[in-house]
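Below: data.cif (mmCIF, C-alpha atoms and all ligand atoms)
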data_work
#
loop_
_atom_site.label_atom_id
_atom_site.label_comp_id
_atom_site.auth_asym_id
_atom_site.auth_seq_id
_atom_site.Cartn_x
_atom_site.Cartn_y
_atom_site.Cartn_z
CA MET A 3 8.28 21.05 -19.76
CA ASN A 4 10.23 17.85 -19.04
CA THR A 5 8.01 15.25 -20.63
CA HIS A 6 10.39 12.34 -20.10
CA PHE A 7 8.86 9.17 -18.71
CA ASN A 8 9.61 5.50 -18.54
CA PHE A 9 6.77 3.39 -17.25
CA CYS A 10 6.46 -0.35 -16.61
CA MET A 11 3.51 -1.88 -14.80
CA PRO A 12 3.10 -5.35 -16.32
CA ALA A 13 -0.17 -6.41 -14.66
CA GLU A 14 -3.27 -6.43 -16.84
CA ILE A 15 -6.03 -4.52 -15.04
CA LEU A 16 -9.59 -5.61 -15.73
CA SER A 17 -12.02 -3.29 -14.06
CA GLY A 18 -15.74 -2.99 -13.43
CA LYS A 19 -18.46 -3.97 -11.02
CA GLY A 20 -19.04 -7.72 -11.21
CA ILE A 21 -15.74 -8.30 -13.06
CA VAL A 22 -14.75 -11.33 -10.92
CA LYS A 23 -17.94 -13.24 -11.73
CA THR A 24 -17.15 -12.95 -15.43
CA SER A 25 -13.47 -13.91 -15.16
CA SER A 26 -13.74 -17.71 -15.37
CA GLU A 27 -11.89 -17.71 -18.71
CA ILE A 28 -8.88 -16.02 -17.11
CA PHE A 29 -8.82 -18.52 -14.27
CA LYS A 30 -9.10 -21.39 -16.76
CA LEU A 31 -6.07 -20.06 -18.66
CA LEU A 32 -3.97 -20.00 -15.50
CA GLY A 33 -4.35 -23.67 -14.58
CA LYS A 34 -6.35 -26.36 -12.84
CA LYS A 35 -5.54 -25.65 -9.18
CA CYS A 36 -5.68 -22.33 -7.36
CA LEU A 37 -4.52 -21.28 -3.91
CA ILE A 38 -6.61 -18.39 -2.54
CA VAL A 39 -4.58 -16.23 -0.15
CA THR A 40 -6.54 -13.95 2.14
CA GLY A 41 -7.07 -12.56 5.66
CA LYS A 42 -9.29 -13.80 8.44
CA SER A 43 -12.75 -12.69 7.43
CA SER A 44 -13.05 -9.57 5.26
CA ALA A 45 -12.90 -11.42 1.92
CA GLU A 46 -15.96 -13.35 2.99
CA LYS A 47 -17.70 -10.29 4.46
CA CYS A 48 -17.30 -8.15 1.34
CA GLY A 49 -18.44 -10.88 -1.06
CA ALA A 50 -15.15 -11.22 -2.98
CA LEU A 51 -14.42 -14.75 -1.78
CA ALA A 52 -17.84 -16.03 -2.88
CA ASP A 53 -17.42 -14.40 -6.31
CA VAL A 54 -13.94 -15.93 -6.74
CA THR A 55 -14.96 -19.43 -5.70
CA ALA A 56 -18.04 -19.28 -7.98
CA ALA A 57 -15.89 -18.21 -10.94
CA LEU A 58 -13.30 -20.91 -10.18
CA LYS A 59 -16.02 -23.59 -9.98
CA ALA A 60 -17.47 -22.38 -13.29
CA ALA A 61 -13.98 -22.70 -14.79
CA GLY A 62 -13.54 -26.22 -13.38
CA VAL A 63 -10.60 -25.07 -11.24
CA GLU A 64 -10.01 -26.80 -7.90
CA TYR A 65 -9.16 -24.42 -5.04
CA SER A 66 -7.84 -24.31 -1.50
CA VAL A 67 -8.12 -21.31 0.84
CA PHE A 68 -5.15 -20.08 2.92
CA ASN A 69 -6.75 -17.47 5.21
CA LYS A 70 -4.02 -17.00 7.81
CA ILE A 71 -2.74 -13.61 6.63
CA THR A 72 -2.74 -11.02 9.41
CA GLU A 73 -2.23 -7.24 9.19
CA ASN A 74 1.46 -6.47 8.58
CA PRO A 75 2.02 -10.04 7.35
CA LEU A 76 4.94 -12.05 8.69
CA THR A 77 7.49 -13.60 6.33
CA ALA A 78 6.96 -16.89 8.21
CA THR A 79 3.19 -16.89 7.50
CA CYS A 80 3.80 -16.19 3.81
CA CYS A 81 6.39 -18.96 3.72
CA ASP A 82 3.74 -21.31 5.23
CA GLY A 83 1.38 -20.12 2.48
CA GLY A 84 4.01 -21.01 -0.13
CA ARG A 85 4.37 -24.47 1.38
CA ALA A 86 0.57 -24.89 1.38
CA GLY A 87 0.56 -23.92 -2.31
CA ARG A 88 3.28 -26.47 -3.15
CA GLU A 89 1.56 -29.26 -1.21
CA PHE A 90 -1.76 -28.51 -2.90
CA GLY A 91 -0.02 -28.41 -6.30
CA ALA A 92 -1.32 -24.91 -7.05
CA ASP A 93 -0.82 -23.64 -10.60
CA PHE A 94 -1.65 -20.06 -9.61
CA VAL A 95 -2.61 -17.84 -6.69
CA VAL A 96 -5.51 -15.43 -6.16
CA GLY A 97 -4.88 -12.82 -3.44
CA ILE A 98 -7.96 -11.13 -1.95
CA GLY A 99 -7.89 -8.33 0.59
CA GLY A 100 -6.37 -5.10 1.70
CA GLY A 101 -2.68 -4.43 1.27
CA SER A 102 -1.71 -7.10 3.81
CA PRO A 103 -3.16 -10.16 1.97
CA LEU A 104 -2.19 -8.69 -1.43
CA ASP A 105 1.44 -8.19 -0.38
CA ALA A 106 1.41 -11.62 1.26
CA ALA A 107 0.03 -13.25 -1.91
CA LYS A 108 2.94 -11.79 -3.92
CA ALA A 109 5.38 -13.38 -1.48
CA VAL A 110 3.46 -16.69 -1.39
CA CYS A 111 3.93 -16.98 -5.18
CA VAL A 112 7.70 -16.61 -4.71
CA TYR A 113 7.96 -19.07 -1.80
CA ALA A 114 5.72 -21.62 -3.54
CA SER A 115 8.02 -22.08 -6.50
CA ASN A 116 11.33 -21.54 -4.63
CA ASP A 117 11.51 -23.99 -1.74
CA HIS A 118 15.11 -22.93 -1.01
CA ILE A 119 13.72 -19.58 0.23
CA VAL A 120 12.55 -19.67 3.85
CA ASN A 121 11.07 -16.79 5.92
CA ASP A 122 13.44 -13.73 5.85
CA GLY A 123 15.40 -15.43 3.05
CA ILE A 124 13.00 -13.61 0.71
CA TYR A 125 15.11 -10.47 1.28
CA THR A 126 18.45 -12.10 0.46
CA GLU A 127 18.09 -15.35 -1.51
CA LYS A 128 18.07 -15.41 -5.29
CA ILE A 129 14.69 -16.17 -6.86
CA ILE A 130 15.63 -19.07 -9.15
CA ASN A 131 12.22 -20.26 -10.35
CA ILE A 132 9.54 -18.03 -11.82
CA PRO A 133 6.92 -17.29 -9.11
CA LEU A 134 3.41 -18.72 -9.56
CA PRO A 135 1.12 -16.48 -11.63
CA LEU A 136 -0.93 -14.15 -9.47
CA VAL A 137 -4.35 -12.52 -9.66
CA LEU A 138 -5.02 -9.69 -7.18
CA ILE A 139 -8.39 -8.44 -5.95
CA GLY A 140 -8.29 -5.41 -3.65
CA THR A 141 -10.87 -4.84 -0.91
CA THR A 142 -9.57 -1.57 0.61
CA ALA A 143 -9.10 1.81 -1.09
CA GLY A 144 -5.60 2.63 0.00
CA THR A 145 -2.40 0.77 -0.69
CA GLY A 146 -2.63 0.41 -4.47
CA SER A 147 -0.66 -2.81 -3.90
CA GLU A 148 -2.58 -4.28 -6.86
CA VAL A 149 -0.43 -2.24 -9.27
CA THR A 150 2.99 -2.22 -7.61
CA GLY A 151 5.81 -4.73 -7.68
CA VAL A 152 6.30 -4.29 -3.94
CA SER A 153 5.51 -6.57 -1.02
CA VAL A 154 5.78 -5.12 2.48
CA LEU A 155 6.34 -7.88 5.01
CA THR A 156 7.35 -8.12 8.66
CA ARG A 157 10.73 -9.72 9.33
CA GLU A 158 11.39 -12.29 12.05
CA ASN A 159 12.74 -9.41 14.23
CA GLY A 160 9.37 -7.60 14.02
CA ARG A 161 10.56 -4.91 11.58
CA LYS A 162 8.58 -4.08 8.46
CA GLN A 163 10.61 -4.21 5.26
CA SER A 164 9.67 -4.18 1.61
CA VAL A 165 10.93 -6.49 -1.11
CA SER A 166 10.34 -5.58 -4.72
CA GLY A 167 11.07 -6.23 -8.36
CA LYS A 168 9.59 -7.76 -11.48
CA ASN A 169 8.90 -11.03 -9.62
CA PHE A 170 6.38 -9.26 -7.37
CA TYR A 171 3.82 -8.04 -9.90
CA ALA A 172 0.44 -9.63 -10.44
CA LYS A 173 -0.43 -11.04 -13.84
CA TYR A 174 -4.02 -9.80 -13.59
CA VAL A 175 -5.76 -7.29 -11.35
CA LEU A 176 -9.53 -7.62 -11.05
CA ALA A 177 -10.68 -4.21 -9.87
CA ASP A 178 -14.18 -4.02 -8.42
CA PRO A 179 -14.77 -1.13 -5.98
CA THR A 180 -17.93 -2.71 -4.55
CA TYR A 181 -15.72 -4.88 -2.33
CA THR A 182 -14.64 -1.75 -0.46
CA TYR A 183 -18.20 -0.84 0.56
CA SER A 184 -17.94 -2.84 3.80
CA VAL A 185 -14.74 -1.16 5.04
CA PRO A 186 -15.37 0.44 8.47
CA THR A 187 -15.01 4.24 8.77
CA ALA A 188 -11.73 4.33 10.72
CA THR A 189 -10.09 1.99 8.17
CA THR A 190 -11.58 4.05 5.32
CA VAL A 191 -9.92 7.19 6.71
CA SER A 192 -6.58 5.53 7.36
CA THR A 193 -6.46 3.86 3.93
CA ALA A 194 -7.53 7.10 2.17
CA LEU A 195 -4.68 8.88 3.96
CA ASP A 196 -2.33 6.12 2.79
CA ALA A 197 -3.37 6.70 -0.83
CA PHE A 198 -2.92 10.48 -0.36
CA ALA A 199 0.55 9.87 1.11
CA HIS A 200 1.48 7.65 -1.86
CA ALA A 201 0.37 10.35 -4.29
CA VAL A 202 2.31 13.18 -2.65
CA GLU A 203 5.41 11.23 -1.62
CA SER A 204 5.86 9.81 -5.11
CA TYR A 205 5.11 13.24 -6.62
CA PHE A 206 8.14 14.74 -4.83
CA SER A 207 10.29 11.59 -4.92
CA LYS A 208 13.63 11.88 -6.71
CA LYS A 209 12.42 9.04 -8.98
CA HIS A 210 9.23 10.76 -10.18
CA ASP A 211 8.72 11.52 -13.84
CA PHE A 212 6.24 13.35 -16.05
CA LEU A 213 3.70 10.52 -16.15
CA SER A 214 3.91 9.54 -12.49
CA ARG A 215 3.18 13.18 -11.55
CA LYS A 216 0.04 13.05 -13.71
CA PHE A 217 -1.14 10.00 -11.75
CA SER A 218 -0.37 11.78 -8.46
CA CYS A 219 -2.36 14.86 -9.48
CA LEU A 220 -5.29 12.74 -10.63
CA ALA A 221 -5.23 10.81 -7.34
CA VAL A 222 -5.21 13.89 -5.06
CA SER A 223 -7.95 15.56 -7.10
CA GLU A 224 -10.24 12.65 -6.18
CA ILE A 225 -9.00 11.94 -2.65
CA VAL A 226 -8.90 15.42 -1.11
CA PRO A 227 -12.61 16.30 -1.62
CA LEU A 228 -13.42 13.00 0.11
CA LEU A 229 -11.00 13.69 2.98
CA LEU A 230 -12.87 16.98 3.52
CA LYS A 231 -16.07 14.98 3.95
CA LEU A 232 -14.42 12.33 6.14
CA LYS A 233 -13.25 15.09 8.51
CA ASP A 234 -16.80 14.97 9.86
CA SER A 235 -16.62 11.72 11.86
CA ASP A 236 -20.32 10.92 11.29
CA PHE A 237 -20.06 11.21 7.51
CA LYS A 238 -20.56 8.02 5.50
CA LEU A 239 -19.25 7.87 1.94
CA SER A 240 -21.82 7.03 -0.73
CA GLU A 241 -21.20 4.09 -3.06
CA GLU A 242 -20.19 6.49 -5.81
CA GLU A 243 -17.69 8.18 -3.48
CA ARG A 244 -16.28 4.82 -2.48
CA ASP A 245 -15.87 3.93 -6.18
CA SER A 246 -13.98 7.16 -6.71
CA LEU A 247 -11.74 6.52 -3.70
CA TYR A 248 -10.92 3.02 -4.87
CA PHE A 249 -9.83 4.15 -8.33
CA ALA A 250 -7.90 7.06 -6.79
CA SER A 251 -5.97 4.51 -4.71
CA LEU A 252 -5.02 2.75 -7.96
CA TYR A 253 -3.87 6.04 -9.55
CA ALA A 254 -1.77 6.72 -6.45
CA GLY A 255 -0.43 3.16 -6.73
CA LEU A 256 0.58 3.81 -10.33
CA ALA A 257 2.45 6.94 -9.19
CA LEU A 258 4.04 4.94 -6.38
CA ASN A 259 5.06 2.22 -8.84
CA LYS A 260 7.42 4.78 -10.36
CA GLY A 261 8.34 7.22 -7.61
CA GLY A 262 8.32 5.10 -4.45
CA THR A 263 7.95 6.55 -0.98
CA CYS A 264 9.80 9.24 0.96
CA PHE A 265 10.44 9.79 4.67
CA PRO A 266 6.80 9.61 5.94
CA HIS A 267 6.57 5.95 4.93
CA GLY A 268 10.03 5.07 6.25
CA MET A 269 9.23 6.67 9.59
CA GLY A 270 5.63 5.43 9.70
CA TYR A 271 6.70 1.77 9.74
CA ALA A 272 8.18 2.31 13.22
CA LEU A 273 4.88 3.67 14.59
CA THR A 274 3.04 0.60 13.30
CA GLU A 275 5.61 -1.80 14.74
CA ASP A 276 5.96 -0.16 18.15
CA TYR A 277 2.56 1.51 18.72
CA GLY A 278 0.19 -0.52 16.54
CA LEU A 279 -0.96 2.44 14.43
CA PRO A 280 -2.65 1.35 11.19
CA HIS A 281 -0.29 1.78 8.24
CA GLY A 282 -2.02 4.73 6.52
CA LEU A 283 -2.34 6.83 9.65
CA ALA A 284 1.18 5.93 10.81
CA CYS A 285 2.64 7.42 7.62
CA ALA A 286 0.16 10.29 7.28
CA VAL A 287 1.05 11.85 10.65
CA PHE A 288 4.30 12.93 8.96
CA ILE A 289 2.65 14.25 5.77
CA PRO A 290 2.08 17.86 6.92
CA ALA A 291 5.82 18.16 7.74
CA PHE A 292 6.67 16.45 4.46
CA LEU A 293 4.59 18.95 2.46
CA LYS A 294 6.36 21.85 4.20
CA GLU A 295 9.72 20.33 3.19
CA ALA A 296 8.43 19.76 -0.35
CA LYS A 297 7.47 23.43 -0.62
CA LYS A 298 11.07 24.38 0.25
CA GLY A 299 12.57 21.84 -2.15
CA ASP A 300 10.27 22.25 -5.17
CA GLY A 301 8.04 25.32 -4.99
CA LYS A 302 6.76 24.90 -8.53
CA GLY A 303 5.76 21.28 -8.01
CA TYR A 304 4.20 22.19 -4.68
CA ALA A 305 2.00 24.80 -6.38
CA GLU A 306 0.96 22.22 -8.99
CA ILE A 307 -0.08 19.55 -6.51
CA ILE A 308 -1.92 22.02 -4.24
CA LYS A 309 -3.82 23.22 -7.31
CA ALA A 310 -4.67 19.60 -8.17
CA THR A 311 -6.22 19.04 -4.73
CA GLY A 312 -8.87 21.65 -5.61
CA VAL A 313 -8.57 23.35 -2.21
CA SER A 314 -6.35 26.07 -0.81
CA GLU A 315 -3.12 25.30 1.01
CA ASN A 316 -4.80 26.40 4.27
CA GLU A 317 -7.81 24.17 3.78
CA LEU A 318 -5.56 21.22 2.95
CA PHE A 319 -3.50 21.65 6.10
CA LYS A 320 -6.67 22.06 8.15
CA VAL A 321 -8.07 18.73 6.97
CA LEU A 322 -4.72 16.96 7.38
CA ASP A 323 -4.29 18.36 10.89
CA ALA A 324 -7.79 17.10 11.76
CA LEU A 325 -7.32 13.58 10.36
CA CYS A 326 -3.61 12.84 10.83
CA LYS A 327 -3.67 12.58 14.62
CA ALA A 328 -2.44 9.78 16.84
CA ASP A 329 -2.78 9.60 20.57
CA ILE A 330 0.61 8.13 21.42
CA THR A 331 3.53 9.22 23.58
CA ILE A 332 7.04 8.16 22.65
CA PRO A 333 9.81 8.12 25.26
CA ILE A 334 13.07 9.88 24.47
CA GLU A 335 15.09 6.60 24.50
CA LYS A 336 12.85 5.24 21.75
CA ILE A 337 13.31 8.42 19.70
CA GLU A 338 17.09 8.06 20.07
CA GLU A 339 16.75 4.46 18.85
CA TYR A 340 14.87 5.78 15.79
CA ARG A 341 17.55 8.41 15.13
CA VAL A 342 20.17 5.64 14.81
CA ARG A 343 17.91 3.31 12.88
CA TRP A 344 16.87 5.98 10.38
CA SER A 345 20.43 7.06 9.60
CA THR A 346 20.52 4.41 6.85
CA LEU A 347 16.92 4.75 5.68
CA LYS A 348 16.67 5.01 1.88
CA ASN A 349 13.32 6.89 2.06
CA PHE A 350 15.14 9.98 3.37
CA LYS A 351 17.41 10.03 0.32
CA ASN A 352 14.37 9.80 -1.98
CA SER A 353 12.83 12.90 -0.32
CA PRO A 354 12.95 16.36 -1.95
CA THR A 355 15.21 18.12 0.62
CA ASP A 356 18.10 17.03 2.83
CA PHE A 357 15.69 16.24 5.70
CA GLY A 358 17.49 13.41 7.51
CA ALA A 359 17.44 11.15 10.55
CA ASP A 360 18.12 14.01 13.01
CA ASP A 361 15.23 16.02 11.55
CA GLY A 362 13.04 12.90 11.68
CA ALA A 363 13.87 12.36 15.36
CA SER A 364 13.09 16.05 16.13
CA LEU A 365 9.79 15.77 14.27
CA VAL A 366 8.79 12.69 16.29
CA TYR A 367 9.81 14.49 19.48
CA ASN A 368 7.67 17.51 18.59
CA LEU A 369 4.66 15.41 17.64
CA PHE A 370 4.76 12.63 20.22
CA GLY A 371 7.68 13.18 22.60
CA GLU A 372 7.24 12.57 26.32
CA VAL A 373 7.31 15.85 28.24
P1 LIG B 401 -5.02 -4.48 5.72
O1 LIG B 401 -3.92 -4.63 6.74
O2 LIG B 401 -4.95 -5.32 4.53
O3 LIG B 401 -6.45 -4.69 6.42
C1 LIG B 401 -6.82 -3.90 7.53
C2 LIG B 401 -8.13 -4.41 8.14
O4 LIG B 401 -9.20 -4.14 7.24
C3 LIG B 401 -8.13 -5.92 8.39
O5 LIG B 401 -8.77 -6.12 9.63
C4 LIG B 401 -9.00 -6.47 7.26
O6 LIG B 401 -9.68 -7.66 7.63
C5 LIG B 401 -9.98 -5.32 7.07
N1 LIG B 401 -10.59 -5.27 5.74
C6 LIG B 401 -10.00 -5.35 4.52
N2 LIG B 401 -10.90 -5.21 3.53
C7 LIG B 401 -12.12 -5.07 4.13
C8 LIG B 401 -13.46 -4.90 3.65
N3 LIG B 401 -13.72 -4.83 2.34
N4 LIG B 401 -14.44 -4.81 4.56
C9 LIG B 401 -14.19 -4.85 5.90
N5 LIG B 401 -12.96 -5.01 6.41
C10 LIG B 401 -11.93 -5.09 5.54
O7 LIG B 401 -5.10 -2.91 5.36
P2 LIG B 401 -4.46 -2.03 4.21
O8 LIG B 401 -4.34 -0.68 4.78
O9 LIG B 401 -5.17 -2.22 2.94
O10 LIG B 401 -2.99 -2.64 3.99
C11 LIG B 401 -1.91 -2.25 4.82
C12 LIG B 401 -0.68 -3.05 4.42
O11 LIG B 401 -0.32 -2.76 3.06
C13 LIG B 401 0.53 -2.68 5.28
O12 LIG B 401 1.24 -3.85 5.62
C14 LIG B 401 1.34 -1.80 4.36
O13 LIG B 401 2.72 -1.79 4.70
C15 LIG B 401 1.07 -2.42 3.02
N6 LIG B 401 1.28 -1.52 1.84
C16 LIG B 401 1.74 -2.05 0.70
C17 LIG B 401 1.96 -1.27 -0.42
C18 LIG B 401 2.49 -1.86 -1.70
O14 LIG B 401 2.75 -1.16 -2.66
N7 LIG B 401 2.66 -3.14 -1.76
C19 LIG B 401 1.67 0.09 -0.37
C20 LIG B 401 1.18 0.61 0.82
C21 LIG B 401 0.96 -0.20 1.91
P3 LIG B 401 -9.08 -9.15 7.37
O15 LIG B 401 -7.91 -9.28 8.31
O16 LIG B 401 -10.19 -10.05 7.68
O17 LIG B 401 -8.63 -9.21 5.94
ZN ZN B 402 1.44 3.17 2.24
#

Kindly present the structure from the file in structure tokens form.
Amino acid sequence: MNTHFNFCMPAEILSGKGIVKTSSEIFKLLGKKCLIVTGKSSAEKCGALADVTAALKAAGVEYSVFNKITENPLTATCCDGGRAGREFGADFVVGIGGGSPLDAAKAVCVYASNDHIVNDGIYTEKIINIPLPLVLIGTTAGTGSEVTGVSVLTRENGRKQSVSGKNFYAKYVLADPTYTYSVPTATTVSTALDAFAHAVESYFSKKHDFLSRKFSCLAVSEIVPLLLKLKDSDFKLSEEERDSLYFASLYAGLALNKGGTCFPHGMGYALTEDYGLPHGLACAVFIPAFLKEAKKGDGKGYAEIIKATGVSENELFKVLDALCKADITIPIEKIEEYRVRWSTLKNFKNSPTDFGADDGASLVYNLFGEV
């Protein structure tokens, strides 16, 4: 057994129902002024915003809310958030939301303390000043962004691209699954598929190690039984099941923190940009093909992760085939564009076989090609 691992995830995770309400001391430690970064309405709907503002008031911390973060956040919006933070004199940032506001909050912390970095400059300019300290509070059970040093943003040319490193980790994660109870069913399915994709892609990634594989196995053991239930479109997860899904998304995030993603994520970005598919579903449509490649590249690992799901290979493919469907048609010219674009995609190189841009283009043609 290769038991080698090397693990760094510097955020302190404080978990439990009601954890935000009892976190005034943490907020007090971080400063006197806080910028809250969030999306349009979900932070309010799920109760997280009220809990944060109550805890900030109890700590005597002044706050300002920047709620302009959209899905697939733009670098320009995050840069505006950084400017808002500077003008307000924020000492720290609290990000509340799904992966979009959490990723945006990571970037806002960088922009706020580095006014030489503007919009897409976040991908190229040196971060000179330490980013503002960040507290993250997740409200979806999917991305695991809380525990990764990755921020996925949308460039000025409309392309999604990640930026990562030690400057992009939170200082604290306040993990309370009750905030996910208000997530609508379609988003629950898509985000659960995202977490499943993180677990399996990082499991087979060239950068995986002993520990990250343990997190992947733990994640799929909790997610797959829930995917089986979600296959029935009328099924509603219980609160306990939602708790389990939320923590599974964090385990998958911890695996992702080490292994990173493979070709489904690289290819999925294009389907979000061009066809508006939600992130999880956009990546998951390529997961069945990815698992077939993984079986060829690492049969032993494949057997281990299938065993961890608690279902047979057949049952797993049945549920994935039922859930990972998208009603889109992609013209051949677009697929040719993808073939060129993907020839430099790092996610292919991280994958377990030599599946490359040509294979990716054929897969898209088979799944969605115009006949
Ligand atoms: P999201 O884009 O953050 O949110 C999707 C929708 O769900 C929004 O309409 C949002 O509303 C709503 N929503 C969020 N929480 C809710 C709640 N508790 N109740 C009701 N509605 C709620 O979705 P996501 O799938 O979590 O994040 C996707 C993003 O994360 C993508 O940009 C993806 O690339 C990125 N990602 C990052 C990582 C990483 O490691 N950093 C990993 C995977 C994915 P509001 O607009 O009102 O907030
Ligand atoms: Zn993802």

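The neighbours of Leu232 in chain A here are the residues that come within 12 Å of it, using all atoms listed in the file and leaving out any residue fewer than 5 positions away in the same chain; they are Thr187, Ala188, Thr189, Thr190, Val191, Ser192, Thr193, Ala194, Leu195, Ile225, Val226, Pro227, Phe237, Lys238, Leu239, Ser240, Glu243, Arg244, Leu247, Val321, Leu322, Ala324, Leu325 and Cys326 of chain A.
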
Do you know which residues are within 7 Å of ligand LIG 401 (chain B) using all atoms listed in the file? Can you write them as a ChimeraX atom specification?
/A:40-45,47-48,71-75,99-103,105,141-147,150-155,181-186,189,193,196,255,280-282

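Using all atoms listed in the file, the shortest contact distance between Ala286 in chain A and any of A:Asp93, A:Glu158, A:Asp323, A:Glu335 is found at A:Asp323.
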
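Minimum distance to ligand ZN 402 (chain B) across A:Asp122, A:Glu203, A:Glu64, A:Asp329 (counting all atoms listed in the file) occurs at A:Glu203.
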
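Take the candidates A:Ser314, A:Ser204, A:Ser246, A:Thr331 and check each one against ligand ZN 402 (chain B) using all atoms listed in the file; the shortest distance goes to A:Ser204.
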
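Nearest-residue note for Lys108 in chain A: choosing from A:Lys35, A:Lys168, A:His6, A:Lys309, the minimum distance belongs to A:Lys168, counting all atoms listed in the file.
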
Residue neighbourhood Tyr367 in chain A, 8 Å, all atoms listed in the file, exclusion window fewer than 4 positions, as a PyMOL selection string:
chain A and resi 332+334+337+363+371-372

re CA of Tyr205 in chain A and CA of Ser218 in chain A: distance 6.0 Å

Tell me, as a ChimeraX atom specification, which residues lie within 12 Å of Asn4 in chain A, counting only C-alpha atoms; anything in the same chain fewer than 4 positions away does not count.
/A:210-213,215

Counting all atoms listed in the file, the residue of A:Gly268, A:Gly299, A:Pro354, A:Gly20 that sits nearest ligand ZN 402 (chain B):
A:Gly268

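If you measure from each of A:Asn131, A:Asn69, A:Ser207, A:Ser164 to ligand ZN 402 (chain B) using all atoms listed in the file, the closest one turns out to be A:Ser164.
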
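Going from CA of Ala199 in chain A to CA of Gly49 in chain A covers 28.2 Å.
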